[in-house]
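As stored in work-v9.txt (compact mmCIF, C-alpha atoms (C1' of nucleotides)):
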```txt
# COMPACT_ATOMS: atom_id res chain seq x y z
CA MET A 1 19.51 -27.29 -56.68
CA LEU A 2 17.00 -26.98 -53.92
CA SER A 3 14.91 -29.96 -54.89
CA THR A 4 17.91 -32.30 -54.73
CA MET A 5 18.33 -31.62 -51.05
CA HIS A 6 14.65 -32.08 -50.48
CA ARG A 7 14.80 -35.25 -52.50
CA ASP A 8 17.35 -36.90 -50.24
CA GLU A 9 15.56 -35.77 -47.11
CA PHE A 10 12.40 -37.18 -48.57
CA ILE A 11 13.93 -40.59 -49.25
CA LYS A 12 15.31 -40.67 -45.75
CA THR A 13 11.94 -39.75 -44.27
CA LEU A 14 10.22 -42.50 -46.21
CA ARG A 15 12.66 -45.17 -45.10
CA THR A 16 12.68 -44.01 -41.49
CA ARG A 17 8.93 -44.36 -41.40
CA GLY A 18 9.01 -47.80 -42.97
CA TYR A 19 8.01 -46.90 -46.52
CA LYS A 20 9.86 -47.73 -49.69
CA ALA A 21 11.46 -45.02 -51.77
CA THR A 22 10.08 -45.88 -55.18
CA PRO A 23 10.90 -43.80 -58.26
CA GLN A 24 7.22 -42.92 -58.64
CA ARG A 25 7.03 -41.49 -55.13
CA ILE A 26 10.20 -39.51 -55.61
CA ALA A 27 9.00 -38.13 -58.93
CA ILE A 28 5.65 -37.14 -57.44
CA TYR A 29 7.30 -35.39 -54.55
CA GLU A 30 9.67 -33.55 -56.86
CA THR A 31 6.75 -32.43 -58.98
CA LEU A 32 5.08 -31.02 -55.89
CA LEU A 33 8.20 -29.01 -55.13
CA GLU A 34 8.64 -27.77 -58.67
CA LYS A 35 5.09 -26.86 -59.58
CA GLU A 36 3.05 -24.42 -57.57
CA HIS A 37 0.02 -26.03 -55.97
CA PRO A 38 -0.51 -28.61 -58.69
CA SER A 39 -3.70 -30.57 -59.16
CA VAL A 40 -3.79 -34.36 -59.27
CA GLU A 41 -4.14 -34.23 -63.03
CA GLU A 42 -1.17 -31.90 -63.41
CA ILE A 43 0.98 -34.18 -61.31
CA TYR A 44 -0.18 -37.20 -63.24
CA GLU A 45 0.58 -35.63 -66.63
CA THR A 46 3.98 -34.45 -65.47
CA ILE A 47 4.97 -37.83 -64.08
CA LYS A 48 3.78 -39.62 -67.18
CA LYS A 49 6.50 -37.94 -69.22
CA ARG A 50 9.11 -39.81 -67.21
CA PHE A 51 7.05 -42.88 -66.32
CA PRO A 52 4.61 -43.50 -69.16
CA SER A 53 3.11 -46.47 -67.36
CA VAL A 54 2.33 -44.66 -64.13
CA SER A 55 -1.27 -44.85 -63.00
CA LEU A 56 -3.59 -42.31 -61.46
CA THR A 57 -4.06 -44.78 -58.62
CA THR A 58 -0.42 -44.45 -57.66
CA VAL A 59 -0.62 -40.68 -57.74
CA TYR A 60 -3.61 -40.71 -55.41
CA GLN A 61 -2.06 -43.26 -53.08
CA THR A 62 1.18 -41.34 -52.91
CA LEU A 63 -0.56 -38.04 -52.22
CA HIS A 64 -2.46 -39.64 -49.35
CA LEU A 65 0.79 -41.02 -48.01
CA LEU A 66 2.45 -37.61 -48.19
CA ALA A 67 -0.49 -36.03 -46.43
CA ASP A 68 -0.29 -38.65 -43.68
CA LEU A 69 3.41 -37.94 -43.31
CA GLY A 70 2.59 -34.25 -43.00
CA LEU A 71 4.64 -33.33 -46.05
CA VAL A 72 1.78 -31.83 -48.04
CA ILE A 73 -1.52 -30.18 -47.34
CA GLU A 74 -4.49 -31.00 -49.52
CA LEU A 75 -6.65 -28.03 -50.39
CA GLY A 76 -10.16 -29.11 -51.32
CA PHE A 77 -12.25 -26.72 -53.39
CA SER A 78 -15.94 -26.54 -54.08
CA ASP A 79 -15.49 -27.20 -57.78
CA LYS A 80 -13.97 -30.56 -56.79
CA SER A 81 -10.48 -29.63 -57.86
CA ALA A 82 -7.97 -30.49 -55.16
CA ARG A 83 -4.60 -28.78 -55.01
CA PHE A 84 -1.55 -29.77 -53.04
CA ASP A 85 0.72 -27.48 -51.10
CA THR A 86 4.15 -28.33 -49.71
CA ASN A 87 4.24 -25.11 -47.71
CA ILE A 88 3.41 -26.15 -44.14
CA LYS A 89 4.21 -22.82 -42.49
CA PRO A 90 1.47 -20.28 -41.67
CA HIS A 91 0.68 -18.53 -44.93
CA ILE A 92 -2.15 -17.31 -47.08
CA ASN A 93 -3.13 -18.91 -50.37
CA VAL A 94 -3.74 -16.06 -52.77
CA ILE A 95 -6.17 -17.46 -55.33
CA CYS A 96 -7.29 -15.87 -58.57
CA PRO A 97 -11.04 -16.38 -58.90
CA SER A 98 -10.81 -16.40 -62.70
CA CYS A 99 -7.88 -18.63 -63.59
CA GLY A 100 -7.45 -20.44 -60.29
CA LYS A 101 -3.77 -19.67 -59.98
CA ILE A 102 -2.52 -19.94 -56.41
CA THR A 103 0.47 -18.18 -54.92
CA ASP A 104 1.61 -18.15 -51.32
CA TYR A 105 1.77 -15.01 -49.26
CA GLU A 106 3.68 -14.92 -46.00
CA ASP A 107 4.19 -11.96 -43.75
CA SER A 108 4.14 -10.95 -40.13
CA SER A 109 0.40 -10.23 -40.05
CA VAL A 110 -0.36 -13.85 -40.83
CA GLN A 111 2.01 -14.98 -38.11
CA GLU A 112 0.34 -12.57 -35.72
CA LEU A 113 -3.12 -13.85 -36.43
CA TRP A 114 -1.96 -17.42 -36.03
CA THR A 115 -0.29 -16.59 -32.71
CA HIS A 116 -3.41 -14.80 -31.55
CA ILE A 117 -5.63 -17.70 -32.55
CA ARG A 118 -3.40 -20.22 -30.80
CA GLN A 119 -3.55 -18.23 -27.59
CA LYS A 120 -7.28 -17.74 -27.87
CA PHE A 121 -7.85 -21.48 -28.18
CA ALA A 122 -5.36 -22.55 -25.52
CA ASN A 123 -2.75 -23.76 -27.99
CA ARG A 124 -5.12 -26.38 -29.31
CA PRO A 125 -5.12 -25.30 -32.99
CA VAL A 126 -3.34 -27.93 -35.05
CA THR A 127 -3.48 -26.59 -38.61
CA HIS A 128 -4.94 -23.79 -40.60
CA ARG A 129 -5.93 -22.82 -44.07
CA PHE A 130 -6.20 -19.20 -45.13
CA ASP A 131 -7.47 -18.42 -48.62
CA VAL A 132 -7.89 -14.99 -50.12
CA TYR A 133 -9.43 -14.51 -53.54
CA VAL A 134 -7.64 -11.83 -55.52
CA PRO A 135 -7.84 -11.36 -59.30
CA CYS A 136 -4.34 -11.78 -60.69
CA ASP A 137 -2.62 -9.30 -63.00
CA GLN A 138 -3.36 -11.24 -66.17
CA CYS A 139 -7.04 -11.70 -65.38
CA LEU A 140 -7.72 -8.11 -64.35
CA MET B 1 -37.70 -14.92 -34.65
CA LEU B 2 -34.60 -14.01 -36.52
CA SER B 3 -35.15 -16.31 -39.44
CA THR B 4 -38.55 -14.78 -40.21
CA MET B 5 -36.95 -11.48 -40.97
CA HIS B 6 -34.33 -13.15 -43.07
CA ARG B 7 -37.07 -15.11 -44.78
CA ASP B 8 -38.86 -12.02 -46.03
CA GLU B 9 -35.66 -10.34 -47.07
CA PHE B 10 -34.77 -13.50 -48.91
CA ILE B 11 -38.07 -13.61 -50.81
CA LYS B 12 -37.66 -9.99 -51.73
CA THR B 13 -34.12 -10.57 -52.94
CA LEU B 14 -35.21 -13.46 -55.11
CA ARG B 15 -38.01 -11.48 -56.75
CA THR B 16 -35.89 -8.40 -57.26
CA ARG B 17 -33.35 -10.49 -59.11
CA GLY B 18 -35.98 -12.15 -61.25
CA TYR B 19 -36.20 -15.51 -59.49
CA LYS B 20 -39.30 -17.19 -58.14
CA ALA B 21 -39.78 -17.61 -54.43
CA THR B 22 -40.68 -21.27 -54.32
CA PRO B 23 -41.39 -23.06 -51.04
CA GLN B 24 -38.41 -25.34 -51.64
CA ARG B 25 -36.03 -22.42 -51.99
CA ILE B 26 -37.38 -20.78 -48.89
CA ALA B 27 -37.14 -23.99 -46.90
CA ILE B 28 -33.57 -24.54 -48.04
CA TYR B 29 -32.57 -21.03 -47.11
CA GLU B 30 -34.21 -21.35 -43.69
CA THR B 31 -32.36 -24.59 -43.11
CA LEU B 32 -29.11 -22.83 -43.88
CA LEU B 33 -29.92 -20.19 -41.27
CA GLU B 34 -31.01 -22.69 -38.64
CA LYS B 35 -28.31 -25.31 -38.96
CA GLU B 36 -24.66 -24.48 -38.60
CA HIS B 37 -22.72 -25.12 -41.78
CA PRO B 38 -24.89 -27.96 -43.03
CA SER B 39 -23.86 -30.40 -45.74
CA VAL B 40 -25.95 -31.02 -48.83
CA GLU B 41 -27.19 -34.27 -47.33
CA GLU B 42 -28.20 -32.60 -44.06
CA ILE B 43 -30.14 -29.94 -45.93
CA TYR B 44 -31.79 -32.56 -48.08
CA GLU B 45 -32.86 -34.70 -45.12
CA THR B 46 -34.18 -31.68 -43.25
CA ILE B 47 -36.20 -30.40 -46.18
CA LYS B 48 -37.63 -33.84 -46.87
CA LYS B 49 -39.49 -33.75 -43.56
CA ARG B 50 -41.56 -30.85 -44.85
CA PHE B 51 -41.43 -31.67 -48.59
CA PRO B 52 -41.19 -35.44 -48.93
CA SER B 53 -41.04 -35.18 -52.70
CA VAL B 54 -38.12 -32.77 -52.83
CA SER B 55 -35.18 -33.92 -54.91
CA LEU B 56 -31.47 -33.67 -54.40
CA THR B 57 -31.36 -31.93 -57.77
CA THR B 58 -33.37 -29.04 -56.41
CA VAL B 59 -31.15 -28.77 -53.37
CA TYR B 60 -28.06 -28.56 -55.54
CA GLN B 61 -29.64 -26.11 -57.96
CA THR B 62 -30.83 -23.89 -55.13
CA LEU B 63 -27.44 -23.91 -53.43
CA HIS B 64 -25.82 -22.82 -56.66
CA LEU B 65 -28.37 -20.06 -57.02
CA LEU B 66 -27.72 -18.86 -53.47
CA ALA B 67 -24.00 -18.90 -54.08
CA ASP B 68 -24.49 -16.85 -57.26
CA LEU B 69 -26.60 -14.38 -55.32
CA GLY B 70 -23.81 -14.13 -52.76
CA LEU B 71 -26.03 -15.36 -49.94
CA VAL B 72 -23.96 -18.40 -49.06
CA ILE B 73 -20.36 -19.48 -49.32
CA GLU B 74 -19.57 -23.02 -50.27
CA LEU B 75 -16.70 -24.56 -48.36
CA GLY B 76 -15.14 -27.48 -50.22
CA PHE B 77 -13.11 -29.96 -48.24
CA SER B 78 -10.57 -32.55 -49.26
CA ASP B 79 -12.77 -35.43 -48.16
CA LYS B 80 -15.33 -34.20 -50.73
CA SER B 81 -17.79 -33.00 -48.15
CA ALA B 82 -19.05 -29.52 -48.94
CA ARG B 83 -20.48 -27.28 -46.27
CA PHE B 84 -22.47 -24.10 -46.66
CA ASP B 85 -22.05 -20.93 -44.69
CA THR B 86 -24.44 -17.98 -44.58
CA ASN B 87 -21.90 -15.87 -42.72
CA ILE B 88 -20.45 -13.54 -45.34
CA LYS B 89 -18.51 -11.29 -42.96
CA PRO B 90 -14.80 -11.82 -42.33
CA HIS B 91 -14.57 -14.67 -39.86
CA ILE B 92 -12.71 -17.86 -39.11
CA ASN B 93 -14.21 -21.30 -39.45
CA VAL B 94 -13.15 -23.22 -36.38
CA ILE B 95 -13.21 -26.85 -37.42
CA CYS B 96 -12.81 -29.90 -35.21
CA PRO B 97 -10.50 -32.35 -36.99
CA SER B 98 -12.21 -35.33 -35.34
CA CYS B 99 -15.94 -34.73 -35.65
CA GLY B 100 -15.92 -32.05 -38.33
CA LYS B 101 -18.05 -29.63 -36.37
CA ILE B 102 -17.67 -26.05 -37.57
CA THR B 103 -18.26 -22.90 -35.55
CA ASP B 104 -17.62 -19.32 -36.56
CA TYR B 105 -15.17 -17.11 -34.78
CA GLU B 106 -15.19 -13.37 -35.29
CA ASP B 107 -13.02 -10.82 -33.61
CA SER B 108 -10.97 -7.75 -34.30
CA SER B 109 -7.82 -9.68 -35.22
CA VAL B 110 -9.61 -11.25 -38.17
CA GLN B 111 -10.87 -7.86 -39.26
CA GLU B 112 -7.36 -6.48 -38.95
CA LEU B 113 -5.83 -9.19 -41.09
CA TRP B 114 -8.53 -8.72 -43.70
CA THR B 115 -7.96 -4.96 -43.76
CA HIS B 116 -4.23 -5.49 -44.00
CA ILE B 117 -4.64 -7.96 -46.85
CA ARG B 118 -6.95 -5.66 -48.73
CA GLN B 119 -4.46 -2.82 -48.50
CA LYS B 120 -1.59 -5.06 -49.47
CA PHE B 121 -3.40 -6.16 -52.62
CA ALA B 122 -4.75 -2.74 -53.62
CA ASN B 123 -8.31 -3.50 -52.55
CA ARG B 124 -8.58 -6.28 -55.07
CA PRO B 125 -9.41 -9.14 -52.67
CA VAL B 126 -13.01 -10.20 -53.23
CA THR B 127 -13.56 -12.99 -50.72
CA HIS B 128 -11.71 -15.05 -48.19
CA ARG B 129 -11.83 -18.31 -46.36
CA PHE B 130 -10.03 -18.81 -43.08
CA ASP B 131 -10.09 -22.25 -41.51
CA VAL B 132 -8.47 -23.22 -38.25
CA TYR B 133 -8.45 -26.81 -37.04
CA VAL B 134 -9.08 -27.05 -33.30
CA PRO B 135 -10.20 -30.17 -31.43
CA CYS B 136 -13.54 -29.40 -29.83
CA ASP B 137 -14.35 -29.96 -26.14
CA GLN B 138 -16.16 -33.24 -26.73
CA CYS B 139 -13.43 -34.71 -28.89
CA LEU B 140 -10.54 -33.75 -26.62
C1' DT C 1 13.14 -63.80 -50.33
C1' DT C 2 9.71 -61.19 -48.22
C1' DT C 3 6.94 -57.46 -47.99
C1' DC C 4 5.36 -53.37 -49.76
C1' DT C 5 3.95 -51.02 -54.04
C1' DT C 6 2.18 -50.70 -58.56
C1' DG C 7 -1.33 -50.42 -62.04
C1' DC C 8 -5.30 -52.25 -64.16
C1' DA C 9 -10.33 -52.67 -63.97
C1' DA C 10 -14.27 -52.12 -61.55
C1' DA C 11 -16.76 -49.92 -58.03
C1' DC C 12 -18.02 -45.65 -55.73
C1' DA C 13 -19.87 -41.23 -54.08
C1' DC C 14 -21.15 -36.96 -55.26
C1' DT C 15 -22.76 -33.73 -58.57
C1' DT C 16 -24.68 -32.29 -62.97
C1' DT C 17 -27.67 -32.57 -67.10
C1' DG C 18 -31.87 -33.48 -70.24
C1' DC C 19 -36.41 -33.27 -70.35
C1' DA C 20 -41.47 -33.64 -69.33
C1' DT C 21 -44.56 -32.06 -65.77
C1' DG C 22 -45.97 -28.56 -62.50
C1' DC C 23 -46.30 -24.25 -60.14
C1' DG C 24 -45.45 -19.12 -59.29
C1' DG C 25 -46.33 -14.56 -60.72
C1' DC D 1 -51.41 -18.23 -69.19
C1' DC D 2 -46.47 -17.88 -69.78
C1' DG D 3 -42.08 -19.09 -68.30
C1' DC D 4 -39.19 -20.54 -64.89
C1' DA D 5 -38.57 -24.36 -61.39
C1' DT D 6 -39.04 -29.09 -60.04
C1' DG D 7 -37.90 -33.87 -59.91
C1' DC D 8 -36.98 -38.05 -62.12
C1' DA D 9 -33.58 -40.83 -64.54
C1' DA D 10 -29.34 -41.01 -66.66
C1' DA D 11 -24.83 -39.41 -67.44
C1' DG D 12 -20.56 -37.41 -65.74
C1' DT D 13 -16.43 -36.55 -62.79
C1' DG D 14 -13.05 -37.40 -59.60
C1' DT D 15 -11.59 -40.75 -56.26
C1' DT D 16 -11.18 -45.34 -54.06
C1' DT D 17 -10.80 -50.42 -53.82
C1' DG D 18 -9.60 -55.46 -54.95
C1' DC D 19 -6.23 -57.97 -56.63
C1' DA D 20 -2.43 -60.13 -59.41
C1' DA D 21 2.11 -59.00 -61.01
C1' DG D 22 6.35 -56.52 -60.03
C1' DA D 23 9.95 -54.04 -57.55
C1' DA D 24 12.51 -52.46 -53.18
C1' DA D 25 15.23 -53.77 -49.31
```
I need this file expressed as structure tokens, please.
Amino acid sequence: MLSTMHRDEFIKTLRTRGYKATPQRIAIYETLLEKEHPSVEEIYETIKKRFPSVSLTTVYQTLHLLADLGLVIELGFSDKSARFDTNIKPHINVICPSCGKITDYEDSSVQELWTHIRQKFANRPVTHRFDVYVPCDQCL
Amino acid sequence: MLSTMHRDEFIKTLRTRGYKATPQRIAIYETLLEKEHPSVEEIYETIKKRFPSVSLTTVYQTLHLLADLGLVIELGFSDKSARFDTNIKPHINVICPSCGKITDYEDSSVQELWTHIRQKFANRPVTHRFDVYVPCDQCL
DNA sequence: TTTCTTGCAAACACTTTGCATGCGG
DNA sequence: CCGCATGCAAAGTGTTTGCAAGAAA
């Protein structure tokens, strides 16, 4: 199972960086890998099935930690809903304007633009975020 | 002056669509054209110099109206700060990760990616948002 | 044992809503 | 003069903080 491998790497990363590998953190990270671009609320509800006493505070704190470690990217939206993405590679977030579903799209053209941009700005670009709004099949 | 032309177009657009051209709305729209990617607070403070009695409520309501009319794009960020962009054409928001300054970058490569994406998704894409994080000259 | 983490409650910032007054057309 | 727009106050939402109790190493 893919997430198992990630899980162990994750625990190692935490310890290496001086953080404790708590079951809550592991569960939150696994949820991020399993779900696609979950919201805070989605993560919270998922975790609560396994850890009924978990708090929203812990979810927020853990997400901040993961962002600091560079393991997730937080996508802020204008309707206040934040989504979290474990895909760090150059890609496009394909977002349905109706239902809000997000899927990743990777191909050479994205790579090319990113390469072009990096050259244009003397290799200074550190991160990116590309969103494209496309009605999904269900919503059409 | 560029904004004068925009101003009249704006008034016309409002009336055509059945909305009233109030001085507050005009001032808010002019602020959007003058400032680069202002926040709600920036717009509010700017408007207050000319209309000391203006309320934040009106600023929010007007920004929503402009977004509905397709005249501005709201850029939500993970730190909760929203910025507003009157540039509707395909472009990249070049954002400084330190100071948060945003400048637009347009060139053929962005157009090309957009064209490619539109073809790939059968012309369904409706909007986009491309952000690139690049430390600005001052912050380097 | 020691230090970091959790989870509760309260505080917070930003945004939205209800409603009476006011202004645009 | 009619109806939408404004602006105040209050409510709402999502997120953060302070702190005592608990768990990881």
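The residue that comes closest to A:Gly70, out of A:Val132, A:Ile117, A:Ala27, A:Ile88 and on the basis of all atoms listed in the file, is A:Ile88.
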Matching every Cα in sequence order between the two identical chains, what are the coordinates of chain B once fitted onto chain A? Write them as a compact mmCIF listing (two decimals) with C-alpha atoms, in the coordinates of the input.
```
# COMPACT_ATOMS: atom_id res chain seq x y z
CA MET B 1 19.39 -27.19 -56.72
CA LEU B 2 16.91 -26.88 -53.95
CA SER B 3 14.84 -29.88 -54.85
CA THR B 4 17.86 -32.20 -54.67
CA MET B 5 18.25 -31.50 -51.02
CA HIS B 6 14.57 -31.98 -50.46
CA ARG B 7 14.77 -35.17 -52.47
CA ASP B 8 17.30 -36.78 -50.17
CA GLU B 9 15.51 -35.63 -47.07
CA PHE B 10 12.35 -37.06 -48.53
CA ILE B 11 13.92 -40.47 -49.19
CA LYS B 12 15.29 -40.52 -45.69
CA THR B 13 11.91 -39.61 -44.23
CA LEU B 14 10.21 -42.38 -46.14
CA ARG B 15 12.69 -45.03 -44.99
CA THR B 16 12.68 -43.85 -41.41
CA ARG B 17 8.93 -44.23 -41.32
CA GLY B 18 9.04 -47.67 -42.87
CA TYR B 19 8.02 -46.80 -46.43
CA LYS B 20 9.86 -47.64 -49.61
CA ALA B 21 11.46 -44.92 -51.67
CA THR B 22 10.10 -45.82 -55.07
CA PRO B 23 10.92 -43.77 -58.16
CA GLN B 24 7.24 -42.90 -58.57
CA ARG B 25 7.02 -41.47 -55.07
CA ILE B 26 10.16 -39.47 -55.55
CA ALA B 27 8.98 -38.13 -58.89
CA ILE B 28 5.63 -37.15 -57.41
CA TYR B 29 7.25 -35.36 -54.52
CA GLU B 30 9.63 -33.51 -56.85
CA THR B 31 6.70 -32.44 -58.98
CA LEU B 32 5.03 -31.03 -55.90
CA LEU B 33 8.15 -28.99 -55.15
CA GLU B 34 8.58 -27.77 -58.71
CA LYS B 35 5.03 -26.88 -59.62
CA GLU B 36 3.00 -24.44 -57.60
CA HIS B 37 -0.04 -26.05 -56.03
CA PRO B 38 -0.56 -28.66 -58.72
CA SER B 39 -3.77 -30.63 -59.19
CA VAL B 40 -3.84 -34.41 -59.28
CA GLU B 41 -4.17 -34.31 -63.05
CA GLU B 42 -1.19 -31.97 -63.44
CA ILE B 43 0.96 -34.23 -61.29
CA TYR B 44 -0.18 -37.26 -63.22
CA GLU B 45 0.58 -35.71 -66.62
CA THR B 46 3.98 -34.51 -65.45
CA ILE B 47 4.99 -37.87 -64.03
CA LYS B 48 3.82 -39.69 -67.14
CA LYS B 49 6.54 -38.00 -69.18
CA ARG B 50 9.15 -39.82 -67.13
CA PHE B 51 7.10 -42.92 -66.21
CA PRO B 52 4.67 -43.57 -69.06
CA SER B 53 3.20 -46.54 -67.24
CA VAL B 54 2.38 -44.70 -64.03
CA SER B 55 -1.22 -44.92 -62.92
CA LEU B 56 -3.56 -42.41 -61.41
CA THR B 57 -4.02 -44.88 -58.57
CA THR B 58 -0.39 -44.50 -57.59
CA VAL B 59 -0.63 -40.73 -57.70
CA TYR B 60 -3.62 -40.76 -55.39
CA GLN B 61 -2.07 -43.30 -53.04
CA THR B 62 1.17 -41.35 -52.87
CA LEU B 63 -0.61 -38.07 -52.20
CA HIS B 64 -2.47 -39.67 -49.33
CA LEU B 65 0.79 -41.02 -47.97
CA LEU B 66 2.41 -37.59 -48.17
CA ALA B 67 -0.55 -36.02 -46.44
CA ASP B 68 -0.32 -38.63 -43.67
CA LEU B 69 3.37 -37.88 -43.30
CA GLY B 70 2.52 -34.20 -43.01
CA LEU B 71 4.57 -33.29 -46.07
CA VAL B 72 1.71 -31.82 -48.07
CA ILE B 73 -1.60 -30.17 -47.38
CA GLU B 74 -4.54 -30.98 -49.56
CA LEU B 75 -6.72 -28.02 -50.43
CA GLY B 76 -10.23 -29.06 -51.42
CA PHE B 77 -12.30 -26.64 -53.43
CA SER B 78 -16.01 -26.40 -54.09
CA ASP B 79 -15.59 -27.11 -57.79
CA LYS B 80 -14.08 -30.48 -56.78
CA SER B 81 -10.59 -29.57 -57.85
CA ALA B 82 -8.04 -30.46 -55.20
CA ARG B 83 -4.67 -28.77 -55.05
CA PHE B 84 -1.60 -29.78 -53.10
CA ASP B 85 0.66 -27.51 -51.15
CA THR B 86 4.09 -28.35 -49.76
CA ASN B 87 4.18 -25.13 -47.76
CA ILE B 88 3.39 -26.17 -44.19
CA LYS B 89 4.21 -22.83 -42.54
CA PRO B 90 1.48 -20.32 -41.72
CA HIS B 91 0.70 -18.55 -44.96
CA ILE B 92 -2.14 -17.32 -47.12
CA ASN B 93 -3.12 -18.89 -50.40
CA VAL B 94 -3.74 -16.04 -52.79
CA ILE B 95 -6.15 -17.41 -55.36
CA CYS B 96 -7.27 -15.78 -58.59
CA PRO B 97 -11.03 -16.28 -58.92
CA SER B 98 -10.80 -16.27 -62.72
CA CYS B 99 -7.89 -18.53 -63.63
CA GLY B 100 -7.47 -20.36 -60.33
CA LYS B 101 -3.79 -19.61 -60.03
CA ILE B 102 -2.53 -19.91 -56.46
CA THR B 103 0.47 -18.16 -54.95
CA ASP B 104 1.62 -18.16 -51.35
CA TYR B 105 1.80 -15.04 -49.28
CA GLU B 106 3.71 -14.97 -46.02
CA ASP B 107 4.24 -12.05 -43.75
CA SER B 108 4.21 -11.06 -40.12
CA SER B 109 0.47 -10.32 -40.04
CA VAL B 110 -0.29 -13.95 -40.84
CA GLN B 111 2.08 -15.09 -38.14
CA GLU B 112 0.44 -12.70 -35.71
CA LEU B 113 -3.04 -13.96 -36.43
CA TRP B 114 -1.87 -17.54 -36.08
CA THR B 115 -0.20 -16.77 -32.75
CA HIS B 116 -3.29 -14.96 -31.56
CA ILE B 117 -5.52 -17.86 -32.58
CA ARG B 118 -3.31 -20.38 -30.88
CA GLN B 119 -3.43 -18.43 -27.64
CA LYS B 120 -7.15 -17.92 -27.90
CA PHE B 121 -7.72 -21.66 -28.25
CA ALA B 122 -5.22 -22.77 -25.60
CA ASN B 123 -2.65 -23.98 -28.10
CA ARG B 124 -5.02 -26.57 -29.45
CA PRO B 125 -5.06 -25.44 -33.11
CA VAL B 126 -3.28 -28.05 -35.21
CA THR B 127 -3.44 -26.67 -38.74
CA HIS B 128 -4.92 -23.83 -40.70
CA ARG B 129 -5.93 -22.83 -44.16
CA PHE B 130 -6.20 -19.21 -45.18
CA ASP B 131 -7.46 -18.41 -48.66
CA VAL B 132 -7.87 -14.97 -50.12
CA TYR B 133 -9.42 -14.44 -53.54
CA VAL B 134 -7.60 -11.76 -55.52
CA PRO B 135 -7.79 -11.26 -59.29
CA CYS B 136 -4.30 -11.71 -60.68
CA ASP B 137 -2.55 -9.21 -62.97
CA GLN B 138 -3.32 -11.14 -66.15
CA CYS B 139 -6.99 -11.58 -65.35
CA LEU B 140 -7.63 -7.99 -64.32
```
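For the atom pair formed by atom CA of A:Lys120 and atom CA of B:Val94, the distance is 11.7 Å, given to one decimal.
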Give the answer as one residue: which of A:Phe121, A:Tyr60, A:Phe51, A:Tyr19 has the shortest atom-to-atom distance to chain C, using only C-alpha atoms (C1' of nucleotides)? A:Tyr19
I'd like the interatomic distance between atom CA of B:Leu32 and atom CA of A:Phe130, to a tenth of an Å.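 Those two atoms sit 23.2 Å apart.
Atom to atom, atom CA of A:Glu36 and atom CA of B:Arg118 stand 23.0 Å apart.
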Applying 6 Å and only C-alpha atoms (C1' of nucleotides), which residues near stretch 135-137 of chain B remain after dropping the ones on its own chain fewer than 2 positions away? List them as number ranges by chain. B: 96-97, 139-140
Residues of chain D within 8 Å of chain B, counting all atoms listed in the file, as a PyMOL selection string: chain D and resi 4-7
Taking all atoms listed in the file into account, what are the residues of chain B at most 6 Å from chain A, put as an MDAnalysis selection string? chainID B and resid 76:78 124:134
Residues of chain C within 10 Å of chain A: nearest atom pair and distance (Å, one decimal) for each, counting only C-alpha atoms (C1' of nucleotides), sorted by chain and number, as a Markdown table?
```
| residue | atom | partner | partner_atom | distance |
| --- | --- | --- | --- | --- |
| C:DC4 | C1' | A:Lys20 | CA | 7.2 |
| C:DT5 | C1' | A:Lys20 | CA | 8.0 |
| C:DT6 | C1' | A:Thr58 | CA | 6.8 |
| C:DG7 | C1' | A:Ser55 | CA | 5.7 |
| C:DC8 | C1' | A:Ser55 | CA | 8.5 |
| C:DC14 | C1' | A:Lys80 | CA | 9.7 |
| C:DT15 | C1' | A:Lys80 | CA | 9.5 |
```
Would you export the selected residues with C-alpha atoms (C1' of nucleotides) as an mmCIF file, in the frame of the given file, please?
```cif
data_model
loop_
_atom_site.group_PDB
_atom_site.id
_atom_site.type_symbol
_atom_site.label_atom_id
_atom_site.label_comp_id
_atom_site.auth_asym_id
_atom_site.auth_seq_id
_atom_site.Cartn_x
_atom_site.Cartn_y
_atom_site.Cartn_z
ATOM 1 C "C1'" DC C 4 5.360 -53.370 -49.760
ATOM 2 C "C1'" DT C 5 3.950 -51.020 -54.040
ATOM 3 C "C1'" DT C 6 2.180 -50.700 -58.560
ATOM 4 C "C1'" DG C 7 -1.330 -50.420 -62.040
ATOM 5 C "C1'" DC C 8 -5.300 -52.250 -64.160
ATOM 6 C "C1'" DC C 14 -21.150 -36.960 -55.260
ATOM 7 C "C1'" DT C 15 -22.760 -33.730 -58.570
#
```
For a cut-off of 12 Å around (-41.1, -32.9, -69.8), file coordinates, pick out all residues using all atoms listed in the file and list them as an MDAnalysis selection string. (chainID C and resid 18:22) or (chainID D and resid 6:8)
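Nearest to C:DA9 of all the residues D:DA25, D:DA10, D:DC2, D:DC19 is D:DC19, based on only C-alpha atoms (C1' of nucleotides).
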Using 8 Å of padding on each side, determine the axis-aligned box around all atoms of stretch 10-22 of chain C present in the file and give its centre and edge lengths in Å to one decimal, as JSON.
```
{"center_x": -30.1, "center_y": -40.3, "center_z": -62.2, "size_x": 47.7, "size_y": 39.6, "size_z": 32.3}
```
(-24.6, -31.0, -47.2) in this file's frame - what residues fall within 9 Å of it? Use all atoms listed in the file and give the answer as a ChimeraX atom specification. /B:37-44,81-84
Residue neighbourhood B:Val72, 7 Å, only C-alpha atoms (C1' of nucleotides), exclusion window fewer than 6 positions, as a list in words: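 Here the answer would be Leu66, Phe84, Asp85 and Thr86 of chain B.
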